[in-house]
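Have a look at protein-v3.txt below; it lists compact mmCIF, C-alpha atoms.
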```
# COMPACT_ATOMS: atom_id res chain seq x y z
CA MET U 201 0.00 0.00 0.00
CA LEU U 202 3.01 2.33 0.29
CA PRO U 203 2.96 3.30 -3.43
CA VAL U 204 -0.72 4.26 -3.06
CA VAL U 205 0.02 6.41 -0.01
CA GLY U 206 2.89 8.01 -1.93
CA GLY U 207 0.52 8.70 -4.81
CA ILE U 208 -1.95 10.39 -2.46
CA VAL U 209 0.82 12.62 -1.11
CA VAL U 210 1.83 13.59 -4.66
CA ILE U 211 -1.78 14.29 -5.70
CA TRP U 212 -2.44 16.41 -2.62
CA THR U 213 0.81 18.33 -3.07
CA ILE U 214 0.04 19.14 -6.70
CA PHE U 215 -3.52 20.29 -6.09
CA GLN U 216 -2.56 22.31 -3.00
CA SER U 217 0.09 24.12 -5.02
CA LEU U 218 -2.51 24.92 -7.69
CA ASN U 219 -5.31 25.88 -5.28
CA GLN U 220 -4.72 26.77 -1.64
CA THR U 221 -8.28 25.72 -0.76
CA PHE U 222 -7.69 22.04 -1.50
CA LEU U 223 -6.21 21.09 1.88
CA SER U 224 -8.45 23.42 3.85
CA SER U 225 -10.36 21.74 6.65
CA THR U 226 -13.66 22.61 4.95
CA ASN U 227 -12.72 20.84 1.73
CA LEU U 228 -11.31 17.81 3.57
CA VAL U 229 -14.54 17.45 5.54
CA ASN U 230 -16.46 17.48 2.26
CA LEU U 231 -13.98 14.94 0.91
CA THR U 232 -14.65 12.54 3.79
CA PHE U 233 -18.38 12.82 3.10
CA ASP U 234 -18.21 12.37 -0.66
CA MET U 235 -15.87 9.36 -0.67
CA VAL U 236 -18.09 7.14 1.49
CA PRO U 237 -20.81 5.92 -0.94
CA VAL U 238 -18.35 4.91 -3.68
CA GLY U 239 -15.96 3.61 -1.02
CA VAL U 240 -18.57 1.19 0.29
CA LEU U 241 -19.17 -0.01 -3.28
CA ALA U 242 -15.42 -0.44 -3.74
CA LEU U 243 -15.27 -2.51 -0.56
CA GLY U 244 -17.75 -4.90 -2.13
CA VAL U 245 -15.78 -5.00 -5.37
CA VAL U 246 -12.71 -6.05 -3.34
CA CYS U 247 -14.63 -9.16 -2.21
CA ALA U 248 -15.39 -10.13 -5.81
CA LEU U 249 -11.86 -9.43 -7.07
CA LEU U 250 -10.27 -11.48 -4.29
CA VAL U 251 -11.87 -14.64 -5.70
CA GLY U 252 -10.84 -13.76 -9.24
CA GLN U 253 -14.28 -12.56 -10.34
CA ILE U 254 -15.73 -9.17 -11.27
CA ASP U 255 -19.01 -7.38 -10.63
CA LEU U 256 -19.90 -4.75 -13.23
CA SER U 257 -23.34 -4.09 -11.79
CA VAL U 258 -22.53 -2.54 -8.42
CA GLY U 259 -23.71 0.85 -9.65
CA SER U 260 -27.05 -0.49 -10.87
CA VAL U 261 -27.54 -2.48 -7.66
CA SER U 262 -26.87 0.67 -5.64
CA GLY U 263 -29.44 2.54 -7.74
CA VAL U 264 -32.05 -0.17 -7.19
CA SER U 265 -31.44 -0.16 -3.44
CA ALA U 266 -31.75 3.63 -3.33
CA ALA U 267 -35.05 3.41 -5.22
CA ILE U 268 -36.36 0.66 -2.92
CA THR U 269 -35.46 2.74 0.14
CA ALA U 270 -37.20 5.86 -1.20
CA VAL U 271 -40.32 4.02 -2.38
CA ILE U 272 -40.82 2.24 0.95
CA MET U 273 -40.08 5.31 3.08
CA VAL U 274 -41.91 7.95 1.04
CA LYS U 275 -44.55 6.29 -1.11
CA HIS U 276 -45.57 3.57 1.33
CA GLU U 277 -44.73 5.62 4.45
CA GLN U 278 -43.01 2.75 6.23
CA SER U 279 -40.19 2.96 8.77
CA MET U 280 -36.65 3.77 7.76
CA TRP U 281 -35.34 0.50 9.18
CA LEU U 282 -37.76 -1.55 7.11
CA ALA U 283 -36.69 0.33 3.98
CA VAL U 284 -32.99 -0.19 4.69
CA LEU U 285 -33.41 -3.88 5.51
CA ALA U 286 -35.47 -4.44 2.36
CA ALA U 287 -32.85 -2.72 0.20
CA VAL U 288 -29.94 -4.68 1.69
CA ALA U 289 -31.93 -7.92 1.45
CA ALA U 290 -32.54 -7.19 -2.24
CA GLY U 291 -28.80 -6.73 -2.68
CA CYS U 292 -28.10 -10.07 -0.98
CA LEU U 293 -30.65 -11.77 -3.23
CA ILE U 294 -29.03 -10.30 -6.33
CA GLY U 295 -25.61 -11.53 -5.23
CA TRP U 296 -26.99 -15.00 -4.53
CA LEU U 297 -28.54 -15.05 -8.01
CA TYR U 298 -25.19 -14.16 -9.58
CA GLY U 299 -23.52 -16.96 -7.67
CA GLN U 300 -26.08 -19.52 -8.80
CA ILE U 301 -25.77 -18.53 -12.46
CA LEU U 302 -21.97 -18.67 -12.25
CA ASN U 303 -21.86 -22.00 -10.42
CA ARG U 304 -24.71 -23.92 -12.04
CA VAL U 305 -24.80 -22.52 -15.57
CA GLY U 306 -21.15 -21.60 -15.94
CA VAL U 307 -21.72 -18.12 -17.36
CA PRO U 308 -18.64 -15.95 -16.68
CA SER U 309 -19.15 -13.32 -14.00
CA PHE U 310 -18.26 -10.60 -16.51
CA VAL U 311 -21.29 -11.51 -18.62
CA VAL U 312 -23.60 -12.23 -15.68
CA THR U 313 -22.98 -8.89 -14.02
CA LEU U 314 -23.00 -7.01 -17.32
CA GLY U 315 -26.50 -8.36 -17.84
CA GLY U 316 -27.30 -7.34 -14.28
CA LEU U 317 -26.05 -3.83 -14.96
CA LEU U 318 -28.64 -3.40 -17.71
CA ALA U 319 -31.45 -5.36 -16.06
CA PHE U 320 -31.31 -3.66 -12.69
CA LEU U 321 -31.03 -0.24 -14.27
CA GLY U 322 -34.39 -1.11 -15.84
CA VAL U 323 -35.73 -2.21 -12.45
CA GLN U 324 -34.60 1.09 -10.96
CA LEU U 325 -36.45 3.08 -13.63
CA TRP U 326 -39.53 0.88 -13.16
CA LEU U 327 -39.54 1.47 -9.41
CA LEU U 328 -39.37 5.23 -9.89
CA ARG U 329 -42.06 4.97 -12.60
CA GLY U 330 -41.15 8.01 -14.62
CA GLN U 331 -40.38 10.24 -11.66
CA ASN U 332 -37.11 12.10 -11.90
CA ALA U 333 -36.57 11.78 -8.17
CA ILE U 334 -38.17 10.82 -4.87
CA ASN U 335 -37.04 13.17 -2.13
CA LEU U 336 -36.23 11.71 1.27
CA PRO U 337 -37.50 13.64 4.30
CA TYR U 338 -34.87 16.10 5.47
CA ASP U 339 -35.66 15.31 9.09
CA SER U 340 -35.12 11.57 8.60
CA THR U 341 -32.27 9.81 10.35
CA LEU U 342 -30.70 8.76 7.04
CA VAL U 343 -30.40 12.31 5.73
CA LYS U 344 -29.14 13.67 9.04
CA PHE U 345 -26.58 10.87 9.22
CA ALA U 346 -25.28 11.61 5.72
CA GLN U 347 -25.32 15.40 5.94
CA LEU U 348 -25.46 16.80 9.45
CA TRP U 349 -24.17 14.43 12.11
CA PHE U 350 -20.61 14.88 13.34
CA VAL U 351 -18.65 13.19 16.09
CA PRO U 352 -18.24 15.35 19.21
CA ALA U 353 -14.67 16.60 19.53
CA TRP U 354 -13.91 14.69 22.73
CA MET U 355 -15.25 11.47 21.24
CA ALA U 356 -13.24 11.95 18.04
CA TYR U 357 -10.03 12.23 20.05
CA THR U 358 -11.06 9.18 22.08
CA LEU U 359 -11.64 7.17 18.91
CA ALA U 360 -8.20 8.21 17.63
CA VAL U 361 -6.54 6.98 20.82
CA ALA U 362 -8.58 3.77 20.73
CA ALA U 363 -7.58 3.14 17.11
CA ALA U 364 -3.88 3.52 17.91
CA GLY U 365 -4.28 1.30 20.97
CA GLY U 366 -6.09 -1.32 18.94
CA PHE U 367 -3.33 -1.26 16.33
CA LEU U 368 -0.70 -1.77 19.03
CA ALA U 369 -2.63 -4.60 20.70
CA ASN U 370 -3.27 -6.37 17.39
CA GLY U 371 0.38 -6.09 16.39
CA TRP U 372 1.56 -7.37 19.77
CA VAL U 373 -0.77 -10.40 19.63
CA ARG U 374 0.33 -11.18 16.10
CA ALA U 375 4.00 -10.85 17.00
CA ARG U 376 3.57 -13.12 20.01
CA THR U 377 1.77 -15.72 17.88
CA ARG U 378 4.60 -15.68 15.34
CA ARG U 379 7.23 -15.98 18.07
CA ASP U 380 5.41 -18.96 19.60
CA ALA U 381 5.43 -20.58 16.15
CA GLY U 382 9.17 -20.01 15.77
CA LEU U 383 8.77 -17.31 13.10
CA SER U 384 10.31 -13.88 12.86
CA SER U 385 8.24 -11.08 14.36
CA SER U 386 8.30 -7.34 14.91
CA SER U 387 9.94 -6.07 18.08
CA LEU U 388 7.92 -4.28 20.74
CA GLN U 389 9.93 -1.09 20.14
CA TRP U 390 9.02 -1.09 16.45
CA LEU U 391 5.35 -1.68 17.26
CA LEU U 392 5.38 1.16 19.79
CA MET U 393 6.95 3.51 17.25
CA GLN U 394 4.35 2.61 14.63
CA ALA U 395 1.50 3.07 17.11
CA LEU U 396 2.92 6.43 18.19
CA LEU U 397 3.17 7.63 14.58
CA LEU U 398 -0.39 6.47 13.91
CA LEU U 399 -1.66 8.20 17.04
CA THR U 400 0.09 11.43 16.12
CA GLY U 401 -1.35 11.36 12.60
CA LEU U 402 -4.88 10.63 13.81
CA LEU U 403 -4.81 13.32 16.49
CA LEU U 404 -3.56 15.90 13.98
CA ALA U 405 -6.26 14.87 11.50
CA VAL U 406 -9.00 15.15 14.13
CA PHE U 407 -7.68 18.52 15.28
CA TYR U 408 -7.57 19.85 11.72
CA LEU U 409 -11.06 18.62 10.79
CA ASN U 410 -12.47 20.04 14.02
CA ARG U 411 -11.41 23.50 12.89
CA THR U 412 -14.63 23.54 10.87
CA ARG U 413 -17.39 20.94 11.21
CA GLY U 414 -15.37 17.99 12.48
CA VAL U 415 -15.34 14.27 11.75
CA ALA U 416 -18.50 12.99 10.06
CA TRP U 417 -20.26 9.98 11.55
CA MET U 418 -20.72 8.62 8.04
CA PHE U 419 -16.95 8.56 7.53
CA VAL U 420 -16.46 6.86 10.90
CA PHE U 421 -19.02 4.27 9.82
CA PHE U 422 -17.09 3.63 6.60
CA VAL U 423 -13.78 3.24 8.43
CA ALA U 424 -15.43 0.86 10.92
CA LEU U 425 -16.80 -1.15 7.98
CA VAL U 426 -13.30 -1.37 6.51
CA LEU U 427 -11.88 -2.56 9.83
CA VAL U 428 -14.58 -5.22 10.21
CA MET U 429 -13.98 -6.42 6.66
CA ASN U 430 -10.23 -6.48 7.28
CA TYR U 431 -10.79 -8.68 10.33
CA VAL U 432 -13.03 -11.03 8.34
CA LEU U 433 -10.48 -11.31 5.53
CA THR U 434 -7.39 -11.76 7.69
CA ARG U 435 -8.60 -13.48 10.86
CA THR U 436 -11.32 -15.89 9.82
CA LYS U 437 -11.44 -19.18 7.94
CA PHE U 438 -13.85 -17.66 5.45
CA GLY U 439 -11.44 -14.82 4.66
CA ARG U 440 -8.58 -17.22 4.09
CA SER U 441 -10.86 -19.21 1.78
CA LEU U 442 -11.45 -16.10 -0.33
CA TYR U 443 -7.71 -15.63 -0.84
CA ALA U 444 -7.17 -19.33 -1.50
CA VAL U 445 -9.90 -19.57 -4.13
CA GLY U 446 -8.68 -16.40 -5.82
CA GLY U 447 -5.13 -17.74 -5.86
CA ASN U 448 -5.97 -21.18 -7.26
CA ALA U 449 -9.55 -22.42 -7.39
CA GLU U 450 -8.67 -26.00 -8.33
CA ALA U 451 -6.09 -26.37 -5.56
CA SER U 452 -8.63 -24.94 -3.12
CA ARG U 453 -11.24 -27.48 -4.22
CA ARG U 454 -8.79 -30.32 -3.72
CA ALA U 455 -7.95 -28.96 -0.28
CA GLY U 456 -11.60 -29.33 0.72
CA ILE U 457 -12.79 -25.75 0.31
CA ASN U 458 -16.34 -25.29 -0.99
CA VAL U 459 -15.35 -23.19 -3.99
CA ARG U 460 -18.93 -22.69 -5.21
CA GLY U 461 -19.99 -21.52 -1.77
CA VAL U 462 -17.10 -19.09 -1.62
CA TYR U 463 -18.02 -17.63 -5.01
CA THR U 464 -21.64 -17.19 -3.93
CA SER U 465 -20.66 -15.62 -0.61
CA ALA U 466 -18.32 -13.18 -2.34
CA PHE U 467 -21.08 -12.03 -4.69
CA VAL U 468 -23.58 -11.75 -1.84
CA MET U 469 -21.17 -9.57 0.12
CA CYS U 470 -20.41 -7.48 -2.96
CA SER U 471 -24.07 -6.82 -3.79
CA ALA U 472 -25.04 -6.23 -0.15
CA LEU U 473 -22.32 -3.57 0.16
CA ALA U 474 -23.41 -2.10 -3.18
CA ALA U 475 -26.95 -1.81 -1.79
CA LEU U 476 -25.63 -0.14 1.35
CA GLY U 477 -23.59 2.27 -0.76
CA GLY U 478 -26.71 3.16 -2.75
CA ILE U 479 -28.61 3.92 0.45
CA LEU U 480 -25.79 6.21 1.61
CA ALA U 481 -25.65 7.92 -1.80
CA ALA U 482 -29.40 8.62 -1.69
CA SER U 483 -29.08 9.85 1.89
CA ARG U 484 -26.23 12.16 0.92
CA LEU U 485 -28.38 13.76 -1.80
CA ALA U 486 -31.62 13.45 0.23
CA ALA U 487 -33.18 11.85 -2.86
CA ALA U 488 -33.22 8.74 -5.01
CA ASN U 489 -33.33 9.62 -8.69
CA GLN U 490 -32.94 7.99 -12.08
CA SER U 491 -29.23 8.79 -12.21
CA THR U 492 -28.35 7.23 -8.84
CA GLY U 493 -25.68 4.59 -9.45
CA THR U 494 -25.31 5.47 -13.13
CA GLY U 495 -22.60 7.38 -14.96
CA ASP U 496 -19.10 6.66 -13.71
CA VAL U 497 -20.11 5.07 -10.39
CA ASN U 498 -19.38 1.53 -11.61
CA LEU U 499 -16.00 2.42 -13.03
CA ASN U 500 -15.00 4.50 -10.01
CA ALA U 501 -15.85 1.67 -7.60
CA ILE U 502 -13.84 -0.88 -9.58
CA ALA U 503 -11.01 1.56 -10.20
CA ALA U 504 -10.83 2.41 -6.48
CA ALA U 505 -10.45 -1.25 -5.53
CA VAL U 506 -7.71 -1.81 -8.13
CA ILE U 507 -5.86 1.45 -7.50
CA GLY U 508 -5.89 0.66 -3.79
CA GLY U 509 -3.93 -2.54 -4.44
CA THR U 510 -6.44 -5.33 -5.10
CA SER U 511 -5.29 -7.60 -7.91
CA LEU U 512 -7.52 -8.15 -10.93
CA PHE U 513 -6.08 -11.67 -11.10
CA GLY U 514 -7.47 -12.66 -7.70
CA GLY U 515 -5.94 -13.75 -4.43
CA ARG U 516 -4.30 -10.44 -3.47
CA GLY U 517 -5.71 -7.32 -1.87
CA SER U 518 -7.16 -6.01 1.37
CA ALA U 519 -10.10 -4.07 2.74
CA PHE U 520 -7.88 -1.00 3.04
CA ALA U 521 -7.60 -1.00 -0.76
CA ALA U 522 -11.13 0.42 -0.94
CA LEU U 523 -10.31 3.20 1.52
CA LEU U 524 -7.06 4.24 -0.17
CA GLY U 525 -8.35 3.81 -3.71
CA VAL U 526 -11.48 5.89 -3.24
CA LEU U 527 -9.37 8.55 -1.49
CA VAL U 528 -7.22 8.78 -4.65
CA ILE U 529 -10.22 9.03 -6.97
CA GLN U 530 -12.16 11.49 -4.82
CA SER U 531 -9.05 13.64 -4.32
CA ILE U 532 -8.63 13.90 -8.09
CA SER U 533 -12.30 14.79 -8.51
CA SER U 534 -12.24 17.37 -5.72
CA GLY U 535 -9.01 18.96 -6.93
CA LEU U 536 -10.21 19.32 -10.52
CA THR U 537 -13.52 20.75 -9.32
CA LEU U 538 -11.71 23.42 -7.32
CA LEU U 539 -9.63 24.23 -10.41
CA ASN U 540 -12.89 24.65 -12.35
CA LEU U 541 -11.91 22.02 -14.90
CA ASP U 542 -14.52 19.82 -16.55
CA SER U 543 -14.93 16.08 -16.03
CA SER U 544 -12.96 15.17 -19.15
CA TYR U 545 -9.71 15.74 -17.25
CA ARG U 546 -10.93 13.66 -14.33
CA PHE U 547 -11.68 10.70 -16.62
CA MET U 548 -8.30 10.95 -18.33
CA ILE U 549 -6.32 11.25 -15.09
CA THR U 550 -8.27 8.48 -13.34
CA GLY U 551 -7.82 6.23 -16.37
CA ALA U 552 -4.08 6.86 -16.41
CA VAL U 553 -3.79 6.11 -12.67
CA LEU U 554 -5.83 2.92 -13.12
CA LEU U 555 -3.63 1.79 -16.02
CA ILE U 556 -0.50 2.39 -13.96
CA ALA U 557 -1.94 0.43 -11.02
CA VAL U 558 -2.89 -2.56 -13.18
CA GLY U 559 0.47 -2.42 -14.96
CA LEU U 560 2.34 -2.52 -11.66
CA ASP U 561 0.18 -5.42 -10.51
CA SER U 562 0.90 -7.34 -13.71
CA VAL U 563 4.65 -6.76 -13.42
CA ALA U 564 4.63 -7.82 -9.77
CA ARG U 565 2.62 -10.93 -10.63
CA ARG U 566 5.10 -11.98 -13.33
CA SER U 567 7.95 -11.37 -10.92
CA ARG U 568 6.35 -13.58 -8.27
CA GLN U 569 5.79 -16.34 -10.82
CA ALA U 570 9.38 -16.11 -12.04
CA HIS U 571 10.60 -16.57 -8.47
CA GLY U 572 8.17 -19.40 -7.73
CA ARG U 573 5.96 -17.40 -5.36
CA GLY U 574 2.71 -17.61 -7.32
```
Now, as a test, write the supplied structure out as structure tokens.
Amino acid sequence: MLPVVGGIVVIWTIFQSLNQTFLSSTNLVNLTFDMVPVGVLALGVVCALLVGQIDLSVGSVSGVSAAITAVIMVKHEQSMWLAVLAAVAAGCLIGWLYGQILNRVGVPSFVVTLGGLLAFLGVQLWLLRGQNAINLPYDSTLVKFAQLWFVPAWMAYTLAVAAAGGFLANGWVRARTRRDAGLSSSSLQWLLMQALLLLTGLLLAVFYLNRTRGVAWMFVFFVALVLVMNYVLTRTKFGRSLYAVGGNAEASRRAGINVRGVYTSAFVMCSALAALGGILAASRLAAANQSTGTGDVNLNAIAAAVIGGTSLFGGRGSAFAALLGVLVIQSISSGLTLLNLDSSYRFMITGAVLLIAVGLDSVARRSRQAHGRG
């Protein structure tokens, strides 16, 4: 992930030199808001890419979920929780359907999800029934969560300290486990230095964001989602199965892993997160409209996962790829907007960054194969 972090530093330096507003606390707060919906979609794409598959319909699924949420809340006047549960359940059902078609019929995921992209865009338009948009109530919890709610300053600092403490505890447990197994491990001094650097960075970030509105609860929710997904991928049997299947599906099958079940689970997780991202996108705009999930949403979600370090070839990547990748893409978008440049530049720059990321991944993959490391 170090090259991605270096890229973020370069991007921020360039845009700050061109426009002094870019690194202002106001713009960074807006950045943390705007990156969440696509970031959640990218987190789902990571799940699909880890098993060597692809989901091209995350944007359409997010649009359908946004429409379902708005129709249930506004048209049928039901509770917010029922609307959210129905939308996420629809996403899970879509992912399960993809898995069944892939496993039982053998249609490649590229084709399955491409068909889903078109089909669920039609479902979205049908749900809205010719309406350009369905506005969500401004006093609803969803809209307040996505626009108005911020973490109190004292709690933000507490969360920063807790995050650094959790990092230190996790590193210490991992180092002890490796030492007990007779493997090399990080020293306590190195772990303490890393935790101290992380704590310093988090405290400075909280202090800077608190100069204006502060840390958004929606961003905290996204980071918590990334941490939970990272735990699932790195600390559970299911997570190890995802990496194993993505690395070599046939070897995984012979090792006793239910490869079909892993594929289905990956698509269910991907579509469920896409649905959640659609709900957050609608909440951010306080409306579900015909353009929700369309345009460049699909490409940005996939590009964020790949730019963040997830391999298109499967078996390599992490949950933090979604966080770093969407930060790169949203930083480019925010910087070009402040420079008053049109979207053509954003597409060209994002495409170039994506091509570089995939090229580096391909070179690294060939290098690993040449040295017998897969």
In Å, with one decimal, what is the gap from atom CA of U:Phe407 to atom CA of U:Met235?
20.1 Å
What's the 9 Å shell around U:Leu336, counting all atoms listed in the file, without same-chain residues fewer than 5 positions away, as an mmCIF file with C-alpha atoms, in the coordinates of the input?
```
data_model
loop_
_atom_site.group_PDB
_atom_site.id
_atom_site.type_symbol
_atom_site.label_atom_id
_atom_site.label_comp_id
_atom_site.auth_asym_id
_atom_site.auth_seq_id
_atom_site.Cartn_x
_atom_site.Cartn_y
_atom_site.Cartn_z
ATOM 1 C CA ALA U 270 -37.200 5.860 -1.200
ATOM 2 C CA MET U 273 -40.080 5.310 3.080
ATOM 3 C CA VAL U 274 -41.910 7.950 1.040
ATOM 4 C CA LEU U 342 -30.700 8.760 7.040
ATOM 5 C CA VAL U 343 -30.400 12.310 5.730
ATOM 6 C CA ALA U 482 -29.400 8.620 -1.690
ATOM 7 C CA SER U 483 -29.080 9.850 1.890
ATOM 8 C CA LEU U 485 -28.380 13.760 -1.800
ATOM 9 C CA ALA U 486 -31.620 13.450 0.230
ATOM 10 C CA ALA U 487 -33.180 11.850 -2.860
ATOM 11 C CA ALA U 488 -33.220 8.740 -5.010
#
```
One decimal, Å: what's the distance from atom CA of U:Val311 over to atom CA of U:Arg460, could you say?
17.6 Å
Please provide the set of residues having any atom within 12 Å of U:Leu538, restricted to only C-alpha atoms, with same-chain residues fewer than 6 positions apart removed, written as a list of chain:residue names.
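The residues that qualify are U:Phe215, U:Gln216, U:Leu218, U:Asn219, U:Gln220, U:Thr221, U:Phe222, U:Leu223, U:Ser224, U:Asn227, U:Ser531, U:Ile532.
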Set the distance at 12 Å and use all atoms listed in the file: which residues neighbour U:Gly322 once local chain neighbours fewer than 5 positions away are removed? I'd like the list as a list in words.
Ser260, Val261, Gly263, Val264, Ala267, Gly315, Gly316, Leu317, Leu327, Leu328, Arg329, Gly330, Gln490, Ser491 and Thr494 of chain U
What separation in Å, quoted to one decimal, exists between atom CA of U:Ser387 and atom CA of U:Phe367?
14.2 Å
Using only C-alpha atoms, pick whichever of U:Ile479, U:Ala356, U:Val497, U:Ala472 has the shortest atom-to-atom distance to U:Met280.
U:Ile479
Would you list the residues near (-27.7, -7.1, 1.6), meaning any protein, DNA or RNA residue with an atom at most 7 Å from that point in file coordinates, counting all atoms listed in the file, as a ChimeraX atom specification?
/U:287-292,471-473,475
Residues near U:Pro237, cut-off 10 Å, all atoms listed in the file, skip fewer than 6 positions along chain, as a PyMOL selection string:
chain U and resi 262+346+418-419+422+473-484+493+497+501+526
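Closest approach to U:Ala248 among U:Gly456, U:Pro203, U:Gly514, U:Gly525 is made by U:Gly514 (distances from all atoms listed in the file).
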